[in-house]
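*Asks:* The file below is model_7.cif, mmCIF, C-alpha atoms:
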```
data_input
loop_
_atom_site.label_atom_id
_atom_site.label_comp_id
_atom_site.auth_asym_id
_atom_site.auth_seq_id
_atom_site.Cartn_x
_atom_site.Cartn_y
_atom_site.Cartn_z
CA MET A 1 -8.15 -8.46 14.30
CA LYS A 2 -5.62 -5.68 14.49
CA LEU A 3 -5.65 -4.44 10.89
CA LYS A 4 -6.53 -0.78 10.35
CA ARG A 5 -7.44 0.56 6.91
CA GLU A 6 -5.04 3.35 6.01
CA ASP A 7 -5.52 4.37 2.37
CA ALA A 8 -5.68 3.06 -1.19
CA VAL A 9 -2.62 2.98 -3.43
CA TYR A 10 -2.60 3.74 -7.14
CA TYR A 11 0.40 3.11 -9.39
CA VAL A 12 1.47 5.96 -11.64
CA GLN A 13 4.11 6.48 -14.33
CA ASN A 14 5.00 10.05 -13.36
CA LEU A 15 4.65 10.94 -9.68
CA ASP A 16 4.94 14.72 -10.14
CA ALA A 17 2.33 14.76 -12.91
CA ALA A 18 -0.01 12.61 -10.79
CA ILE A 19 0.41 14.92 -7.78
CA ALA A 20 -0.37 17.93 -9.98
CA PHE A 21 -3.52 16.19 -11.28
CA TYR A 22 -4.83 15.36 -7.80
CA GLU A 23 -4.07 18.86 -6.51
CA GLN A 24 -4.98 21.04 -9.49
CA LYS A 25 -7.77 19.07 -11.16
CA LEU A 26 -9.41 17.38 -8.17
CA GLY A 27 -8.64 19.92 -5.46
CA PHE A 28 -6.97 17.45 -3.08
CA LYS A 29 -3.88 18.28 -1.04
CA LEU A 30 -0.42 16.74 -0.96
CA LYS A 31 0.21 15.45 2.56
CA PHE A 32 3.81 14.34 1.88
CA LYS A 33 6.14 13.10 -0.84
CA GLU A 34 8.93 10.58 -0.18
CA ASP A 35 12.25 10.37 -2.01
CA TRP A 36 11.53 6.73 -2.81
CA ARG A 37 8.79 7.86 -5.23
CA PHE A 38 5.72 7.64 -3.04
CA ALA A 39 3.26 10.42 -2.18
CA LEU A 40 0.24 10.62 0.08
CA ILE A 41 -2.69 12.73 -1.11
CA GLU A 42 -5.22 14.00 1.43
CA VAL A 43 -8.76 13.65 0.12
CA SER A 44 -10.33 14.78 3.38
CA GLU A 45 -9.47 14.53 7.06
CA ASP A 46 -8.33 10.94 7.71
CA ASP A 47 -8.94 9.85 4.09
CA TYR A 48 -5.95 9.43 1.81
CA ILE A 49 -4.78 8.11 -1.54
CA GLY A 50 -1.25 6.80 -1.88
CA LEU A 51 0.60 7.20 -5.17
CA MET A 52 3.60 5.02 -6.02
CA THR A 53 5.53 4.95 -9.26
CA VAL A 54 5.23 1.81 -11.33
CA ALA A 55 9.05 1.56 -11.48
CA ASN A 56 9.36 1.67 -7.68
CA TYR A 57 6.66 -0.95 -7.17
CA GLN A 58 8.30 -3.25 -9.72
CA LYS A 59 11.66 -2.80 -7.98
CA GLU A 60 10.31 -3.36 -4.46
CA PHE A 61 7.98 -6.25 -5.30
CA PRO A 62 9.50 -7.99 -8.34
CA GLU A 63 7.50 -11.19 -7.92
CA HIS A 64 4.27 -9.14 -8.19
CA ALA A 65 5.56 -6.61 -10.72
CA ASP A 66 2.74 -7.20 -13.21
CA ASP A 67 -0.07 -6.75 -10.68
CA LEU A 68 -0.52 -2.98 -10.76
CA ARG A 69 -4.17 -2.82 -9.75
CA PRO A 70 -5.13 -0.31 -7.05
CA ARG A 71 -5.25 -1.80 -3.58
CA THR A 72 -6.46 -0.98 -0.12
CA VAL A 73 -3.69 -0.58 2.46
CA PHE A 74 -3.94 -1.91 6.01
CA ARG A 75 -1.56 -1.22 8.87
CA ALA A 76 -0.91 -4.25 11.08
CA GLU A 77 0.06 -4.00 14.73
CA ASP A 78 1.80 -7.38 14.40
CA LEU A 79 2.49 -8.32 10.79
CA ASP A 80 3.73 -11.84 11.55
CA TYR A 81 0.58 -12.57 13.55
CA GLU A 82 -1.68 -11.26 10.77
CA VAL A 83 0.16 -13.24 8.08
CA GLU A 84 -0.24 -16.45 10.07
CA ARG A 85 -3.86 -15.67 11.00
CA LEU A 86 -4.80 -15.06 7.38
CA LYS A 87 -2.97 -18.16 6.16
CA SER A 88 -4.66 -20.31 8.81
CA ASN A 89 -8.00 -18.98 7.54
CA GLY A 90 -7.14 -20.11 4.00
CA VAL A 91 -6.27 -16.66 2.64
CA ARG A 92 -3.57 -16.45 -0.04
CA VAL A 93 -0.70 -14.36 1.39
CA SER A 94 2.65 -13.40 -0.15
CA ASN A 95 6.04 -13.67 1.46
CA VAL A 96 6.88 -10.90 3.93
CA PHE A 97 9.03 -8.13 2.45
CA GLY A 98 11.50 -6.13 4.53
CA GLU A 99 14.03 -6.79 7.24
CA SER A 100 13.37 -7.39 10.91
CA GLY A 101 13.53 -4.09 12.82
CA GLY A 102 12.45 -2.05 9.78
CA PRO A 103 9.27 -1.49 7.79
CA ARG A 104 7.79 -4.79 6.62
CA SER A 105 4.89 -5.67 4.35
CA ALA A 106 2.94 -8.45 2.68
CA LEU A 107 0.19 -8.78 0.12
CA PHE A 108 -2.97 -10.85 0.38
CA TRP A 109 -5.81 -11.56 -2.01
CA ASP A 110 -9.56 -12.05 -1.69
CA LEU A 111 -11.62 -14.76 -3.42
CA ASP A 112 -11.76 -12.71 -6.64
CA ASN A 113 -7.97 -12.22 -6.67
CA ASN A 114 -8.18 -8.56 -5.66
CA PRO A 115 -4.90 -7.57 -3.98
CA TYR A 116 -4.55 -5.92 -0.56
CA PHE A 117 -1.38 -4.52 1.02
CA MET A 118 -0.58 -4.67 4.72
CA TYR A 119 2.45 -3.29 6.49
CA SER A 120 3.95 -2.68 9.90
CA LEU A 121 6.49 -0.19 11.15
CA PRO A 122 9.10 -0.86 13.83
CA ASP A 123 8.20 0.23 17.37
#
```
Write out the structure in this file as structure tokens.

*Replies:*
Amino acid sequence: MKLKREDAVYYVQNLDAAIAFYEQKLGFKLKFKEDWRFALIEVSEDDYIGLMTVANYQKEFPEHADDLRPRTVFRAEDLDYEVERLKSNGVRVSNVFGESGGPRSALFWDLDNNPYFMYSLPD
């Protein structure tokens, strides 16, 4: 298996307020903030929390717009391979989002319907 756990993502209404909370109240550090309303918070070395606005998630993943539970994020070396491997093992997997040659992602769920996010970046 070539999935590597990256972080956990939480969905927030106000990204700037959430960043301030994690920095000022919890003492964590902002690693980076993207224009597309995503931020990565450093909890400790190699341990992160991703924050994405609810509005951005609903725009990017409209068919899963109501499923705003936190999820673990995995990076896949070969997303197509992992999607097929999981499906062949009976795992529920979403359609792949994104265009060939760019960032791509998919969701999958465990037996208790907990969501997981996996993605790949172009070489």

*Asks:* With only C-alpha atoms as the basis for distance, which of A:Ala18, A:Ala39, A:Ala106, A:Val12 is at the shortest distance from Val73 in chain A?

*Replies:*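 Closest to Val73 in chain A of all the choices is A:Ala106.
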
*Asks:* Measure the distance from CA of Tyr22 in chain A to CA of Gly50 in chain A in Å and round it to one decimal.

*Replies:*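 Interatomic distance here is 11.0 Å.
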
*Asks:* Which residues match the PyMOL selection byres ((chain A and resi 74) around 10) in the file above, as a ChimeraX atom specification?

*Replies:* /A:2-8,71-73,75-77,105,107,116-120

*Asks:* Specify as JSON, numbers by chain each residue included when the PyMOL selection byres ((chain A and resi 63) around 12) is applied to this file.

*Replies:* {"A": [57, 58, 59, 60, 61, 62, 64, 65, 66, 67, 68, 94, 95, 96, 97, 106, 107]}

*Asks:* Looking at all atoms listed in the file, which of A:Lys31, A:Gln13, A:Gln24, A:Val91 is the one that sits closest to Asn56 in chain A?

*Replies:* A:Gln13
